[in-house]
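**Student:** Pasting target-v5.cif below, which is mmCIF, C-alpha atoms.
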data_input
#
loop_
_atom_site.label_atom_id
_atom_site.label_comp_id
_atom_site.auth_asym_id
_atom_site.auth_seq_id
_atom_site.Cartn_x
_atom_site.Cartn_y
_atom_site.Cartn_z
CA MET C 344 -30.39 72.59 -79.27
CA ASN C 345 -27.59 70.37 -80.51
CA VAL C 346 -23.89 71.29 -80.50
CA HIS C 347 -23.81 72.23 -84.19
CA ASN C 348 -26.73 74.67 -83.81
CA ALA C 349 -25.16 76.12 -80.65
CA LYS C 350 -21.87 76.79 -82.47
CA HIS C 351 -23.77 78.22 -85.43
CA SER C 352 -25.78 80.63 -83.23
CA ILE C 353 -22.62 81.70 -81.35
CA ILE C 354 -20.95 82.54 -84.67
CA GLN C 355 -24.08 84.39 -85.81
CA ASN C 356 -24.26 86.39 -82.59
CA SER C 357 -20.58 87.32 -82.76
CA ILE C 358 -21.05 88.61 -86.31
CA ILE C 359 -24.07 90.66 -85.21
CA ILE C 360 -22.08 92.13 -82.31
CA TYR C 361 -19.16 92.90 -84.63
CA LEU C 362 -21.47 94.81 -86.97
CA SER C 363 -23.46 96.45 -84.17
CA LEU C 364 -22.05 99.93 -84.77
CA TYR C 365 -22.50 99.95 -88.55
CA LEU C 366 -24.88 98.11 -90.83
CA PHE C 367 -23.70 97.34 -94.32
CA SER C 368 -25.74 98.65 -97.24
CA GLU C 369 -25.02 99.06 -100.95
CA SER C 370 -26.06 102.10 -103.00
CA GLU C 371 -25.03 103.25 -106.51
CA GLY C 372 -22.41 100.52 -106.84
CA GLN C 373 -20.41 101.80 -103.86
CA HIS C 374 -20.20 100.18 -100.48
CA LYS C 375 -21.42 102.43 -97.69
CA PHE C 376 -21.64 101.96 -93.96
CA LYS C 377 -24.95 103.04 -92.49
CA LYS C 378 -25.15 104.00 -88.82
CA MET C 379 -27.20 101.77 -86.59
CA ASN C 380 -30.26 103.34 -84.97
CA LEU C 381 -33.58 102.32 -83.47
CA SER C 382 -35.32 102.20 -86.85
CA ASN C 383 -33.09 99.47 -88.29
CA LEU C 384 -32.72 97.16 -85.27
CA LYS C 385 -33.96 93.57 -85.53
CA PRO C 386 -33.42 90.46 -83.42
CA ALA C 387 -30.95 87.76 -84.46
CA GLU C 388 -32.28 85.23 -86.95
CA GLY C 389 -33.87 82.27 -85.17
CA SER C 390 -33.96 83.98 -81.78
CA THR C 391 -37.69 84.72 -81.89
CA LYS C 392 -40.59 82.35 -82.52
CA ASN C 393 -44.26 82.84 -83.26
CA ARG C 394 -46.43 81.98 -80.27
CA LYS C 395 -48.58 78.83 -80.30
CA ARG C 396 -52.07 79.95 -81.38
CA ILE C 397 -54.60 77.47 -80.04
CA GLY C 398 -58.31 77.17 -80.74
CA ARG C 399 -58.12 78.51 -84.29
CA GLY C 400 -59.79 75.65 -86.16
CA THR C 401 -58.94 72.06 -86.98
CA GLY C 402 -56.75 73.06 -89.92
CA SER C 403 -54.27 74.70 -87.58
CA GLY C 404 -53.55 71.38 -85.88
CA ARG C 405 -54.43 72.88 -82.52
CA GLY C 406 -58.20 73.20 -82.79
CA GLY C 407 -60.84 70.96 -81.24
CA THR C 408 -59.68 70.40 -77.69
CA SER C 409 -57.09 73.22 -77.99
CA THR C 410 -54.22 71.10 -76.59
CA ARG C 411 -56.16 70.35 -73.38
CA GLY C 412 -57.16 66.74 -74.12
CA HIS C 413 -60.58 65.18 -73.59
CA LYS C 414 -62.65 65.62 -70.42
CA GLY C 415 -61.31 65.88 -66.88
CA ALA C 416 -60.50 68.84 -64.67
CA GLY C 417 -57.54 69.85 -66.85
CA SER C 418 -59.83 70.49 -69.82
CA ARG C 419 -62.10 72.88 -67.88
CA SER C 420 -61.57 76.61 -67.58
CA GLY C 421 -60.26 77.88 -64.26
CA HIS C 422 -58.43 74.66 -63.45
CA SER C 423 -55.09 74.95 -61.66
CA THR C 424 -53.16 72.52 -59.46
CA LYS C 425 -52.44 73.56 -55.91
CA ILE C 426 -48.95 74.64 -54.88
CA GLY C 427 -46.77 71.67 -54.03
CA PHE C 428 -49.03 69.14 -55.80
CA GLU C 429 -46.94 66.28 -57.19
CA GLY C 430 -49.53 64.38 -59.21
CA GLY C 431 -50.88 62.36 -56.30
CA GLN C 432 -47.43 61.39 -54.97
CA MET C 433 -46.99 62.32 -51.31
CA PRO C 434 -45.71 65.92 -51.53
CA LEU C 435 -42.34 66.90 -50.09
CA GLN C 436 -43.88 69.14 -47.43
CA ARG C 437 -45.76 66.12 -46.02
CA ARG C 438 -42.94 63.58 -46.48
CA VAL C 439 -40.39 65.48 -44.40
CA PRO C 440 -40.54 64.72 -40.66
CA LYS C 441 -41.63 67.57 -38.43
CA VAL C 442 -39.44 68.13 -35.38
CA GLY C 443 -39.65 70.50 -32.44
CA PHE C 444 -41.97 73.27 -31.39
CA LYS C 445 -41.63 77.05 -31.28
CA PRO C 446 -44.22 78.87 -29.18
CA ILE C 447 -45.87 81.72 -31.06
CA ASN C 448 -45.35 84.24 -28.22
CA ARG C 449 -41.69 83.40 -27.45
CA THR C 450 -39.21 86.18 -26.63
CA GLU C 451 -35.89 85.94 -28.41
CA TYR C 452 -32.83 87.55 -26.89
CA VAL C 453 -29.52 88.51 -28.45
CA GLY C 454 -26.84 86.97 -26.25
CA VAL C 455 -23.82 89.01 -25.17
CA ASN C 456 -21.21 87.17 -23.12
CA LEU C 457 -19.08 88.47 -20.24
CA ASP C 458 -15.82 88.20 -22.20
CA VAL C 459 -17.31 90.54 -24.84
CA LEU C 460 -18.28 93.04 -22.12
CA GLN C 461 -14.76 92.82 -20.65
CA GLY C 462 -13.30 93.46 -24.11
CA LEU C 463 -15.54 96.52 -24.58
CA ALA C 464 -14.64 97.90 -21.16
CA GLU C 465 -10.90 97.53 -21.82
CA LYS C 466 -10.85 98.70 -25.43
CA PHE C 467 -13.07 101.77 -25.03
CA ASN C 468 -12.42 102.45 -21.33
CA LEU C 469 -16.10 102.12 -20.35
CA THR C 470 -17.50 102.00 -16.81
CA THR C 471 -21.16 101.72 -17.84
CA ILE C 472 -22.36 99.49 -20.65
CA ASP C 473 -25.96 100.14 -21.62
CA PHE C 474 -28.14 99.28 -24.60
CA ALA C 475 -26.98 102.36 -26.54
CA ALA C 476 -23.31 101.32 -26.13
CA LEU C 477 -24.11 97.79 -27.34
CA GLN C 478 -25.95 99.26 -30.32
CA GLN C 479 -23.09 101.64 -31.12
CA HIS C 480 -20.55 98.79 -31.19
CA GLY C 481 -22.77 96.55 -33.38
CA LEU C 482 -23.72 93.96 -30.76
CA ALA C 483 -27.45 94.72 -30.92
CA SER C 484 -29.87 96.50 -33.21
CA LYS C 485 -32.64 98.85 -32.16
CA ASN C 486 -35.47 96.30 -31.82
CA ASP C 487 -33.40 93.58 -30.13
CA LEU C 488 -33.74 92.36 -26.57
CA VAL C 489 -30.32 91.76 -24.97
CA LYS C 490 -29.45 89.05 -22.47
CA ILE C 491 -26.07 88.99 -20.74
CA LEU C 492 -24.65 85.45 -20.64
CA GLY C 493 -21.97 83.96 -18.39
CA ARG C 494 -19.17 82.83 -20.75
CA GLY C 495 -15.78 84.29 -19.81
CA GLU C 496 -15.00 86.51 -16.84
CA VAL C 497 -15.23 90.18 -15.88
CA LYS C 498 -12.34 91.90 -14.12
CA ALA C 499 -13.47 95.52 -14.57
CA LYS C 500 -15.99 97.19 -12.29
CA ILE C 501 -18.82 97.97 -14.72
CA GLU C 502 -22.49 98.87 -14.52
CA VAL C 503 -24.37 96.80 -17.11
CA THR C 504 -27.86 97.65 -18.37
CA ALA C 505 -29.76 94.96 -20.33
CA HIS C 506 -33.14 93.29 -20.68
CA ALA C 507 -32.13 90.03 -18.97
CA PHE C 508 -29.18 88.40 -17.20
CA SER C 509 -28.25 84.77 -16.63
CA ALA C 510 -27.60 83.81 -13.00
CA THR C 511 -23.88 83.15 -13.61
CA ALA C 512 -23.44 86.47 -15.42
CA GLN C 513 -25.16 88.37 -12.61
CA LYS C 514 -22.94 86.72 -9.95
CA ALA C 515 -19.75 87.38 -11.95
CA ILE C 516 -20.54 91.08 -12.52
CA GLU C 517 -21.42 91.64 -8.85
CA ALA C 518 -18.34 89.66 -7.71
CA ALA C 519 -16.12 92.04 -9.73
CA GLY C 520 -17.72 95.01 -7.93
CA GLY C 521 -20.08 96.00 -10.71
CA SER C 522 -23.86 96.30 -10.79
CA ILE C 523 -26.70 95.32 -13.06
CA VAL C 524 -29.80 97.22 -14.17
CA LYS C 525 -32.69 95.41 -15.88
CA LEU C 526 -34.63 97.31 -18.54
#
As structure tokens, how would this structure be written, given the file I've shared?

**Tutor:**
Amino acid sequence: MNVHNAKHSIIQNSIIIYLSLYLFSESEGQHKFKKMNLSNLKPAEGSTKNRKRIGRGTGSGRGGTSTRGHKGAGSRSGHSTKIGFEGGQMPLQRRVPKVGFKPINRTEYVGVNLDVLQGLAEKFNLTTIDFAALQQHGLASKNDLVKILGRGEVKAKIEVTAHAFSATAQKAIEAAGGSIVKL
């Protein structure tokens, strides 16, 4: 669509919107406004096209091979190219280098650091931090496995319950007089 046609269709559409409440009709020499309803709706001029009807004889211009060309897989019924096929060019999925490995049966933990635990203990005056407390404060969701990690330090004496602990986190909690419980 060139610029002239685009401007023309914008003007047309704005006129249609302007007259969307009332359609103009003339009866008995007087101008009347007729209310718009479902029976007199029609799309904007030029906004709809007739579909391409193929295989309807040579006179239609789309008979014979019905726009499929001569011979080959593309002319046969049921032919479709596979997903990602790029016409014989090496497809993107095969061009991109593959790096790393993730074992299928790995266990993923949500990490919670010691400074976060210390912050919870101070802010909410907690002595025991368990999975329910972590869930309540948005640090874990119900199907997560939680691992306590060793960043920061713990000053409060707290009992921490989690699925796993790093060695540094365990030492720091026990050094502060707390205890750990593994789920």

**Student:** What is the CA of Phe428 (chain C) to CA of Lys414 (chain C) distance in Å?

**Tutor:**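 CA of Lys414 (chain C) lies at a distance of 20.3 Å from CA of Phe428 (chain C).
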
**Student:** CA of Gln478 (chain C) and CA of Lys466 (chain C), how far apart in Å?

**Tutor:**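 Between these atoms lies a distance of 15.9 Å.
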
**Student:** Give me, please, the distance in Å between CA of Val524 (chain C) and CA of Ser484 (chain C), quoted to one decimal.

**Tutor:**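 Computing it gives 19.1 Å between the two atoms.
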
**Student:** Given the file shown, determine the residues that the PyMOL selection byres ((chain C and resi 516) around 12) selects; report them as a ChimeraX atom specification.

**Tutor:** /C:456-458,460-461,471-472,491-504,508-515,517-524

**Student:** Which polymer residues, protein or nucleic acid, are no farther than 12 Å from (-26.3, 92.7, -30.6), counting only C-alpha atoms, as a count of residues only?

**Tutor:** 28
